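Following: one structure in structure tokens, then a few remarks.
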Amino acid sequence: MILIWQALALYVNNPFVLPTLEAVLSVLLKPTADILGSGSLLENARLSLVRVTLGFLIAAFLAVPLGVAIGRWEVFKDVSEGLISSLRPVPPLAWVPLAMAWLKIGLASMVFIIALGAFFPILLSTAQGVRGVKRSWQEAVSMMGAGEVHLITKVILPGSAPEIWTGMRVGFGIAWMCVVAAEMLPGTSSGLGYLIMYAYGWGQIQVVVAGMVAIGILGILIDRFFIAVERKWFSWRAYER
Amino acid sequence: MVLLEGIRAMKLELKGITKEFDQGNGNNAVILQDISLQINEQEVVGILGPSGCGKTTLLRVIAGLEQPTHGQVLLDGEAVTKPSARMGMIFQEHALLPWRSVLDNVSLGLEMQEMSRKERQEKAMKYLELVGLQESAHSRPYELSGGMRQRAAVARALVLEPSLLLMDEPFSALDPQTRKQIQEDIIRIQETTAKAIVFVTHSVEEAIFLADRLVILSAKPGRVQELLEVKLERPRDRMSPQFLEMRERVLGLLGGG
């Protein structure tokens, strides 16, 4: 892939269309250098990560309890089903105008968009995980005199944790795409998404590509983290069913 | 005097248990019909019957996992309306929580009673020793053999010192050798803990080996067809003429039912 890129870049010979490998690497290898007066690559990546984490955490704090409720109690399922199935297909970015109208341009509206992106995958896999918790586990624990609270904390949550975690992994992936897109919107002045758009405005395509590579690498690293935790904590999952 | 003793010795009483399931077409399927039984302290009772006679349902009703349509279950004179720690249950499938170690599975009931960590681990360990699993205390359930898992399930059911032990075809998935071994262990445990046990099985041999008394159910609807005392000396020899004769008799009852 890299070879084809380099060959194409040399063939096109136009840094405004496709920069060469060296040009992009020179940006990537100096992550602390200021770029066009809008902060370094590292600083912008840090800002994007803080935003995505904030939005993700808000989404998780809302989606996990709600997902448990939907998965466990029919009432919640009936009430929420229509709402969820009509809201879920709306892409998070379609909320941008409303988000800006409600929350003004800035951190709050960005975090709102990110949280929306992460919310549904976490909600749905939590509900599914809760429904999949073996009945025999619940019955065995209720024979120890467990009430509803103990059933949820000792069986339902740990029993559906692998699915919840998978939902978080997918949700974080979507949130990461959302943050970059949200940062490209007017009114932002930092973050990897902003950096890409800003550099594009100045014709610095090597910065655009470097930014894209940085986004990709960070996305992969985060995904790896989720997978590593899954292997360590939820290895029991493989032995069930 | 005799009557008084009878009252004192009663552990579990089933009064006219009927269980119907709504089939969804307006008709109710009658699974259990008017089952009345009395089970005494320290008694081991085996429930046998053709498949579909509702023996597992009966055990679940006793456990409080299902509500009878009519009738009542009394444990030590108190009505059973929901599952509780007063009874210990061993399921067909071990039903151990795979994310917990064997020790943490056994001590879970104590954990929910908010016993201190040290205390509950000591107590759980004591019961793991009783079933011969002390070496595997820190293993995960999926690292154990089928027989060891069921032993862990036995320890888990006993640790809360239940008044009655219920077993739902607990050894049906085990190979014959392991099964015999664990049956002998159950007898030994019953003798040391003096618990009353009610179990369901489809193995006539297992029922005769373990039980003081057999309840034979007929199918569709499940009714008490026959109550039999097993008056064989312990330890029981599966190959003795008396054992084999008893076996023939029970098989005859099941076949003719």
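Chain lettering (A, B, ...) mirrors the order of the structure tokens, residue numbering begins at 1 for each chain separately, and ligand numbering begins at 1 in order of display.
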
Wanna dump the chain B-chain A contacts at 7 Å for me, each residue with its shortest atom pair and the distance in Å to one decimal, counting only C-alpha atoms, ordered by chain and number, as CSV?
```
residue,atom,partner,partner_atom,distance
B:Pro83,CA,A:Met143,CA,5.2
B:Ser84,CA,A:Gly145,CA,4.2
B:Ala85,CA,A:Met144,CA,4.5
B:Met87,CA,A:Met143,CA,7.0
B:Gly88,CA,A:Met143,CA,6.5
B:Met89,CA,A:Met143,CA,6.7
B:Ala95,CA,A:Trp137,CA,5.3
B:Leu96,CA,A:Trp137,CA,6.7
B:Leu97,CA,A:Trp137,CA,6.5
B:Pro98,CA,A:Trp236,CA,5.9
B:Trp99,CA,A:Trp236,CA,6.1
B:Gly109,CA,A:Met144,CA,5.2
B:Tyr142,CA,A:Tyr239,CA,6.5
```

**OP:** Pick out each residue of segment 57-132 of chain B that DSSP on the backbone tags as strand (DSSP E or B); I need them as a PyMOL selection string.
**Re:** chain B and resi 70-75+78-79+87-90

**OP:** Write out as a VMD selection string which residues come within 6 Å of segment 10-23 of chain A when counting only C-alpha atoms, dropping same-chain ones fewer than 3 positions away.
**Re:** chain A and resid 6 to 7 26 205 to 206

Which segment 162-200 of chain B residues have any atom within 10 Å of an atom of segment 143-157 of chain B, and for each, what is the nearest pair of atoms with distance in Å to one decimal, counting only C-alpha atoms, rows sorted by chain and number, as CSV?
```
residue,atom,partner,partner_atom,distance
B:Pro162,CA,B:Ala157,CA,7.5
B:Leu164,CA,B:Ala157,CA,9.7
B:Leu165,CA,B:Ala157,CA,7.4
B:Leu166,CA,B:Ala157,CA,8.9
B:Met167,CA,B:Val154,CA,9.1
B:Pro170,CA,B:Gln150,CA,7.3
B:Phe171,CA,B:Gln150,CA,7.5
B:Ala173,CA,B:Gly146,CA,7.7
B:Leu174,CA,B:Gly146,CA,6.4
B:Asp175,CA,B:Gly147,CA,8.5
B:Gln177,CA,B:Gly147,CA,9.9
B:Thr178,CA,B:Gly147,CA,6.2
B:Arg179,CA,B:Gly147,CA,7.5
B:Gln181,CA,B:Gly147,CA,9.1
B:Ile182,CA,B:Gly147,CA,7.4
B:Asp185,CA,B:Arg151,CA,9.1
B:Ile186,CA,B:Val154,CA,8.8
B:Ile189,CA,B:Val154,CA,9.7
```

Grab the residues selected above and save them as a compact mmCIF listing (two decimals), in the first residue's frame with all heavy atoms.
```txt
# COMPACT_ATOMS: atom_id res chain seq x y z
N PRO B 162 -28.67 -25.07 54.14
CA PRO B 162 -30.10 -25.07 53.86
C PRO B 162 -30.80 -26.16 54.67
O PRO B 162 -30.16 -27.10 55.13
CB PRO B 162 -30.19 -25.37 52.37
CG PRO B 162 -28.97 -26.18 52.10
CD PRO B 162 -27.91 -25.65 53.01
N LEU B 164 -33.09 -28.00 53.41
CA LEU B 164 -33.44 -29.08 52.48
C LEU B 164 -32.59 -28.94 51.22
O LEU B 164 -32.35 -27.83 50.75
CB LEU B 164 -34.93 -28.97 52.12
CG LEU B 164 -35.50 -29.90 51.05
CD1 LEU B 164 -35.60 -31.32 51.59
CD2 LEU B 164 -36.89 -29.41 50.63
N LEU B 165 -32.15 -30.06 50.70
CA LEU B 165 -31.35 -30.04 49.48
C LEU B 165 -32.17 -30.60 48.32
O LEU B 165 -32.77 -31.66 48.43
CB LEU B 165 -30.10 -30.91 49.70
CG LEU B 165 -28.92 -30.74 48.75
CD1 LEU B 165 -28.44 -29.29 48.74
CD2 LEU B 165 -27.79 -31.67 49.16
N LEU B 166 -32.21 -29.86 47.21
CA LEU B 166 -32.94 -30.31 46.02
C LEU B 166 -31.94 -30.60 44.91
O LEU B 166 -31.00 -29.85 44.71
CB LEU B 166 -33.91 -29.22 45.56
CG LEU B 166 -34.92 -28.71 46.59
CD1 LEU B 166 -35.69 -27.51 46.04
CD2 LEU B 166 -35.88 -29.83 46.98
N MET B 167 -32.17 -31.68 44.18
CA MET B 167 -31.27 -32.00 43.07
C MET B 167 -32.08 -32.37 41.84
O MET B 167 -32.92 -33.27 41.89
CB MET B 167 -30.35 -33.17 43.45
CG MET B 167 -29.61 -32.99 44.77
SD MET B 167 -28.22 -34.14 45.00
CE MET B 167 -29.07 -35.70 45.18
N PRO B 170 -29.02 -34.30 38.75
CA PRO B 170 -27.74 -33.61 38.86
C PRO B 170 -26.59 -34.35 38.20
O PRO B 170 -25.60 -33.73 37.83
CB PRO B 170 -27.51 -33.50 40.37
CG PRO B 170 -28.28 -34.63 40.95
CD PRO B 170 -29.46 -34.85 40.05
N PHE B 171 -26.71 -35.65 38.05
CA PHE B 171 -25.54 -36.40 37.56
C PHE B 171 -25.78 -37.01 36.19
O PHE B 171 -25.01 -37.83 35.73
CB PHE B 171 -25.18 -37.49 38.58
CG PHE B 171 -25.20 -37.00 40.00
CD1 PHE B 171 -25.92 -37.66 40.99
CD2 PHE B 171 -24.53 -35.83 40.34
CE1 PHE B 171 -25.95 -37.18 42.29
CE2 PHE B 171 -24.56 -35.33 41.63
CZ PHE B 171 -25.27 -36.01 42.61
N ALA B 173 -25.44 -35.90 33.28
CA ALA B 173 -24.49 -35.63 32.19
C ALA B 173 -23.13 -36.27 32.44
O ALA B 173 -22.22 -36.11 31.63
CB ALA B 173 -24.34 -34.12 32.01
N LEU B 174 -22.99 -37.00 33.56
CA LEU B 174 -21.67 -37.54 33.90
C LEU B 174 -21.49 -38.97 33.38
O LEU B 174 -22.46 -39.69 33.19
CB LEU B 174 -21.49 -37.53 35.42
CG LEU B 174 -21.71 -36.19 36.11
CD1 LEU B 174 -21.51 -36.33 37.61
CD2 LEU B 174 -20.80 -35.11 35.55
N ASP B 175 -20.23 -39.35 33.20
CA ASP B 175 -19.99 -40.73 32.76
C ASP B 175 -20.27 -41.68 33.94
O ASP B 175 -20.23 -41.27 35.10
CB ASP B 175 -18.56 -40.88 32.24
CG ASP B 175 -17.54 -40.62 33.33
OD1 ASP B 175 -17.26 -41.56 34.10
OD2 ASP B 175 -17.06 -39.48 33.42
N GLN B 177 -18.82 -43.99 35.65
CA GLN B 177 -17.86 -44.15 36.74
C GLN B 177 -17.92 -42.96 37.70
O GLN B 177 -18.05 -43.12 38.91
CB GLN B 177 -16.45 -44.30 36.15
CG GLN B 177 -15.44 -44.90 37.10
CD GLN B 177 -15.96 -46.20 37.72
OE1 GLN B 177 -16.47 -47.08 37.03
NE2 GLN B 177 -15.87 -46.29 39.04
N THR B 178 -17.86 -41.76 37.13
CA THR B 178 -17.94 -40.53 37.91
C THR B 178 -19.27 -40.46 38.65
O THR B 178 -19.35 -40.05 39.80
CB THR B 178 -17.84 -39.31 36.97
OG1 THR B 178 -16.76 -39.52 36.08
CG2 THR B 178 -17.62 -38.03 37.74
N ARG B 179 -20.30 -40.90 37.96
CA ARG B 179 -21.64 -40.85 38.51
C ARG B 179 -21.75 -41.70 39.77
O ARG B 179 -22.27 -41.25 40.79
CB ARG B 179 -22.59 -41.35 37.43
CG ARG B 179 -24.02 -41.10 37.74
CD ARG B 179 -24.85 -41.38 36.51
NE ARG B 179 -26.25 -41.19 36.85
CZ ARG B 179 -27.20 -40.93 35.97
NH1 ARG B 179 -26.89 -40.83 34.70
NH2 ARG B 179 -28.43 -40.78 36.35
N GLN B 181 -19.31 -42.64 41.71
CA GLN B 181 -18.46 -42.04 42.73
C GLN B 181 -19.21 -40.91 43.46
O GLN B 181 -19.25 -40.85 44.68
CB GLN B 181 -17.19 -41.50 42.05
CG GLN B 181 -16.20 -40.86 42.99
CD GLN B 181 -15.67 -41.88 43.99
OE1 GLN B 181 -15.19 -42.96 43.61
NE2 GLN B 181 -15.78 -41.57 45.28
N ILE B 182 -19.85 -40.06 42.66
CA ILE B 182 -20.49 -38.88 43.25
C ILE B 182 -21.76 -39.28 44.00
O ILE B 182 -22.10 -38.68 45.02
CB ILE B 182 -20.73 -37.79 42.16
CG1 ILE B 182 -20.87 -36.40 42.80
CG2 ILE B 182 -21.89 -38.09 41.27
CD1 ILE B 182 -20.70 -35.27 41.82
N ASP B 185 -20.58 -40.25 47.29
CA ASP B 185 -20.25 -39.04 48.05
C ASP B 185 -21.50 -38.37 48.61
O ASP B 185 -21.48 -37.85 49.73
CB ASP B 185 -19.49 -38.04 47.16
CG ASP B 185 -18.08 -38.53 46.87
OD1 ASP B 185 -17.59 -39.38 47.63
OD2 ASP B 185 -17.49 -38.07 45.88
N ILE B 186 -22.56 -38.37 47.82
CA ILE B 186 -23.81 -37.76 48.28
C ILE B 186 -24.32 -38.48 49.53
O ILE B 186 -24.73 -37.86 50.50
CB ILE B 186 -24.87 -37.78 47.15
CG1 ILE B 186 -24.52 -36.77 46.06
CG2 ILE B 186 -26.27 -37.51 47.69
CD1 ILE B 186 -24.65 -35.33 46.48
N ILE B 189 -22.11 -37.47 52.39
CA ILE B 189 -22.42 -36.10 52.80
C ILE B 189 -23.76 -36.05 53.53
O ILE B 189 -23.90 -35.37 54.55
CB ILE B 189 -22.43 -35.17 51.56
CG1 ILE B 189 -21.00 -34.97 51.06
CG2 ILE B 189 -23.06 -33.81 51.90
CD1 ILE B 189 -20.90 -34.40 49.67
```

Original post:
How would you write, as JSON, numbers by chain, the set of residues in segment 56-145 of chain A that DSSP gives as alpha helix (DSSP H)?
Top reply: {"A": [56, 57, 58, 59, 60, 61, 62, 63, 64, 65, 66, 67, 68, 69, 70, 71, 72, 74, 75, 76, 77, 78, 79, 80, 81, 82, 83, 84, 85, 86, 87, 96, 97, 98, 99, 100, 101, 102, 103, 107, 108, 109, 110, 111, 112, 113, 114, 115, 116, 117, 118, 119, 120, 121, 122, 123, 124, 125, 126, 127, 128, 129, 130, 131, 135, 136, 137, 138, 139, 140, 141, 142]}

Selected residues, C-alpha atoms, written as a PDB file, in the first residue's frame, please.
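The result, stored in result_32.pdb:
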```
ATOM      1  CA  PHE A  56     -17.911   8.350  25.427  1.00  0.00           C
ATOM      2  CA  LEU A  57     -18.105   8.360  29.215  1.00  0.00           C
ATOM      3  CA  ILE A  58     -21.354  10.314  29.187  1.00  0.00           C
ATOM      4  CA  ALA A  59     -22.774   7.863  26.653  1.00  0.00           C
ATOM      5  CA  ALA A  60     -21.661   4.851  28.696  1.00  0.00           C
ATOM      6  CA  PHE A  61     -23.072   6.237  31.952  1.00  0.00           C
ATOM      7  CA  LEU A  62     -26.447   6.683  30.308  1.00  0.00           C
ATOM      8  CA  ALA A  63     -26.519   3.683  27.984  1.00  0.00           C
ATOM      9  CA  VAL A  64     -25.466   0.914  30.386  1.00  0.00           C
ATOM     10  CA  PRO A  65     -28.175   1.462  33.044  1.00  0.00           C
ATOM     11  CA  LEU A  66     -30.796   2.071  30.374  1.00  0.00           C
ATOM     12  CA  GLY A  67     -29.672  -1.013  28.454  1.00  0.00           C
ATOM     13  CA  VAL A  68     -29.933  -3.117  31.612  1.00  0.00           C
ATOM     14  CA  ALA A  69     -33.438  -1.777  32.233  1.00  0.00           C
ATOM     15  CA  ILE A  70     -34.500  -2.483  28.646  1.00  0.00           C
ATOM     16  CA  GLY A  71     -32.979  -5.949  28.675  1.00  0.00           C
ATOM     17  CA  ARG A  72     -34.445  -6.886  32.039  1.00  0.00           C
ATOM     18  CA  GLU A  74     -40.517  -5.597  29.616  1.00  0.00           C
ATOM     19  CA  VAL A  75     -42.019  -2.208  30.526  1.00  0.00           C
ATOM     20  CA  PHE A  76     -38.838  -0.381  29.564  1.00  0.00           C
ATOM     21  CA  LYS A  77     -38.536  -2.389  26.405  1.00  0.00           C
ATOM     22  CA  ASP A  78     -42.044  -1.512  25.231  1.00  0.00           C
ATOM     23  CA  VAL A  79     -41.675   2.171  26.060  1.00  0.00           C
ATOM     24  CA  SER A  80     -38.259   2.638  24.523  1.00  0.00           C
ATOM     25  CA  GLU A  81     -38.477   0.430  21.455  1.00  0.00           C
ATOM     26  CA  GLY A  82     -40.276   2.920  19.208  1.00  0.00           C
ATOM     27  CA  LEU A  83     -38.120   5.815  20.292  1.00  0.00           C
ATOM     28  CA  ILE A  84     -34.901   3.907  19.804  1.00  0.00           C
ATOM     29  CA  SER A  85     -35.764   2.454  16.428  1.00  0.00           C
ATOM     30  CA  SER A  86     -36.719   5.885  15.106  1.00  0.00           C
ATOM     31  CA  LEU A  87     -33.726   7.774  16.525  1.00  0.00           C
ATOM     32  CA  VAL A  96     -25.150  19.142  14.346  1.00  0.00           C
ATOM     33  CA  PRO A  97     -27.495  22.055  13.587  1.00  0.00           C
ATOM     34  CA  LEU A  98     -29.736  21.198  16.525  1.00  0.00           C
ATOM     35  CA  ALA A  99     -26.742  20.633  18.792  1.00  0.00           C
ATOM     36  CA  MET A 100     -25.397  24.042  17.880  1.00  0.00           C
ATOM     37  CA  ALA A 101     -28.767  25.662  18.400  1.00  0.00           C
ATOM     38  CA  TRP A 102     -29.194  24.078  21.824  1.00  0.00           C
ATOM     39  CA  LEU A 103     -25.676  24.074  23.172  1.00  0.00           C
ATOM     40  CA  LEU A 107     -17.170  21.752  23.617  1.00  0.00           C
ATOM     41  CA  ALA A 108     -20.717  20.998  24.746  1.00  0.00           C
ATOM     42  CA  SER A 109     -22.146  20.524  21.272  1.00  0.00           C
ATOM     43  CA  MET A 110     -19.167  18.441  20.176  1.00  0.00           C
ATOM     44  CA  VAL A 111     -19.442  16.211  23.216  1.00  0.00           C
ATOM     45  CA  PHE A 112     -23.168  15.884  22.516  1.00  0.00           C
ATOM     46  CA  ILE A 113     -22.503  14.630  18.983  1.00  0.00           C
ATOM     47  CA  ILE A 114     -19.807  12.218  20.190  1.00  0.00           C
ATOM     48  CA  ALA A 115     -22.022  10.873  22.965  1.00  0.00           C
ATOM     49  CA  LEU A 116     -24.820  10.309  20.461  1.00  0.00           C
ATOM     50  CA  GLY A 117     -22.488   8.287  18.265  1.00  0.00           C
ATOM     51  CA  ALA A 118     -21.362   6.059  21.126  1.00  0.00           C
ATOM     52  CA  PHE A 119     -24.754   5.785  22.825  1.00  0.00           C
ATOM     53  CA  PHE A 120     -26.697   3.385  20.600  1.00  0.00           C
ATOM     54  CA  PRO A 121     -24.111   0.643  20.132  1.00  0.00           C
ATOM     55  CA  ILE A 122     -23.590   0.515  23.919  1.00  0.00           C
ATOM     56  CA  LEU A 123     -27.323   0.598  24.614  1.00  0.00           C
ATOM     57  CA  LEU A 124     -28.194  -2.159  22.165  1.00  0.00           C
ATOM     58  CA  SER A 125     -25.431  -4.570  23.072  1.00  0.00           C
ATOM     59  CA  THR A 126     -26.064  -4.040  26.779  1.00  0.00           C
ATOM     60  CA  ALA A 127     -29.749  -4.890  26.333  1.00  0.00           C
ATOM     61  CA  GLN A 128     -28.836  -7.910  24.215  1.00  0.00           C
ATOM     62  CA  GLY A 129     -26.197  -9.062  26.679  1.00  0.00           C
ATOM     63  CA  VAL A 130     -28.629  -8.778  29.588  1.00  0.00           C
ATOM     64  CA  ARG A 131     -31.226 -10.849  27.735  1.00  0.00           C
ATOM     65  CA  ARG A 135     -31.449 -18.315  33.321  1.00  0.00           C
ATOM     66  CA  SER A 136     -29.778 -21.111  35.266  1.00  0.00           C
ATOM     67  CA  TRP A 137     -27.206 -18.621  36.629  1.00  0.00           C
ATOM     68  CA  GLN A 138     -29.981 -16.341  37.807  1.00  0.00           C
ATOM     69  CA  GLU A 139     -31.928 -19.198  39.335  1.00  0.00           C
ATOM     70  CA  ALA A 140     -28.874 -20.587  41.093  1.00  0.00           C
ATOM     71  CA  VAL A 141     -28.175 -17.191  42.658  1.00  0.00           C
ATOM     72  CA  SER A 142     -31.813 -16.585  43.569  1.00  0.00           C
TER      73      SER A 142
END
```

Subject >> For segment 216-220 of chain B: contacts at 9 Å, only C-alpha atoms, fewer than 2 positions along chain excluded, given as a list of chain:residue names >> reply: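 Near neighbours after the sequence-gap exclusion: B:Ala29, B:Val30, B:Ile31, B:Leu32, B:Gln33, B:Gly46, B:Ile47, B:Leu48, B:Gly49, B:Pro50, B:Ser51, B:Gly52, B:Cys53, B:Gly54, B:Lys55, B:Leu214, B:Gly222, B:Arg223, B:Val224, B:Gln225, B:Glu226, B:Leu227, B:Leu228, B:Val250, B:Leu253, B:Leu254, B:Gly257.
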
Original post:
What is the atom CA of Phe199 of chain B to atom CA of Gln92 of chain B distance in Å?
Top reply: 10.8 Å

Original post:
What's the 10 Å shell around Glu66 of chain B, counting only C-alpha atoms, without same-chain residues fewer than 3 positions away, as a VMD selection string?
Top reply: chain B and resid 19 57 to 63 69 81 to 83

Restricting the output to N, CA and C atoms, write the selected residues as an mmCIF file, in the first residue's frame.
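Written file, out.cif:
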```cif
data_model
loop_
_atom_site.group_PDB
_atom_site.id
_atom_site.type_symbol
_atom_site.label_atom_id
_atom_site.label_comp_id
_atom_site.auth_asym_id
_atom_site.auth_seq_id
_atom_site.Cartn_x
_atom_site.Cartn_y
_atom_site.Cartn_z
ATOM 1 N N LYS B 19 -50.294 -27.791 38.807
ATOM 2 C CA LYS B 19 -49.610 -26.786 37.996
ATOM 3 C C LYS B 19 -50.139 -26.852 36.572
ATOM 4 N N THR B 57 -40.639 -29.962 36.946
ATOM 5 C CA THR B 57 -41.553 -28.882 37.343
ATOM 6 C C THR B 57 -41.904 -28.996 38.821
ATOM 7 N N LEU B 58 -42.145 -30.227 39.277
ATOM 8 C CA LEU B 58 -42.474 -30.427 40.694
ATOM 9 C C LEU B 58 -41.338 -29.933 41.588
ATOM 10 N N LEU B 59 -40.109 -30.270 41.198
ATOM 11 C CA LEU B 59 -38.956 -29.841 41.990
ATOM 12 C C LEU B 59 -38.839 -28.309 41.985
ATOM 13 N N ARG B 60 -39.126 -27.715 40.833
ATOM 14 C CA ARG B 60 -39.046 -26.250 40.719
ATOM 15 C C ARG B 60 -40.135 -25.571 41.542
ATOM 16 N N VAL B 61 -41.290 -26.231 41.631
ATOM 17 C CA VAL B 61 -42.356 -25.687 42.478
ATOM 18 C C VAL B 61 -41.924 -25.748 43.948
ATOM 19 N N ILE B 62 -41.328 -26.890 44.335
ATOM 20 C CA ILE B 62 -40.837 -27.012 45.716
ATOM 21 C C ILE B 62 -39.818 -25.904 46.000
ATOM 22 N N ALA B 63 -38.948 -25.654 45.028
ATOM 23 C CA ALA B 63 -37.880 -24.663 45.207
ATOM 24 C C ALA B 63 -38.412 -23.232 45.267
ATOM 25 N N THR B 69 -50.360 -23.585 40.484
ATOM 26 C CA THR B 69 -51.654 -22.977 40.158
ATOM 27 C C THR B 69 -52.601 -23.129 41.353
ATOM 28 N N THR B 81 -42.990 -19.273 48.834
ATOM 29 C CA THR B 81 -43.600 -18.478 47.765
ATOM 30 C C THR B 81 -42.576 -17.974 46.767
ATOM 31 N N LYS B 82 -41.307 -18.016 47.153
ATOM 32 C CA LYS B 82 -40.252 -17.588 46.231
ATOM 33 C C LYS B 82 -38.966 -18.317 46.575
ATOM 34 N N PRO B 83 -37.972 -18.281 45.661
ATOM 35 C CA PRO B 83 -36.724 -18.963 45.972
ATOM 36 C C PRO B 83 -36.081 -18.343 47.213
#
```
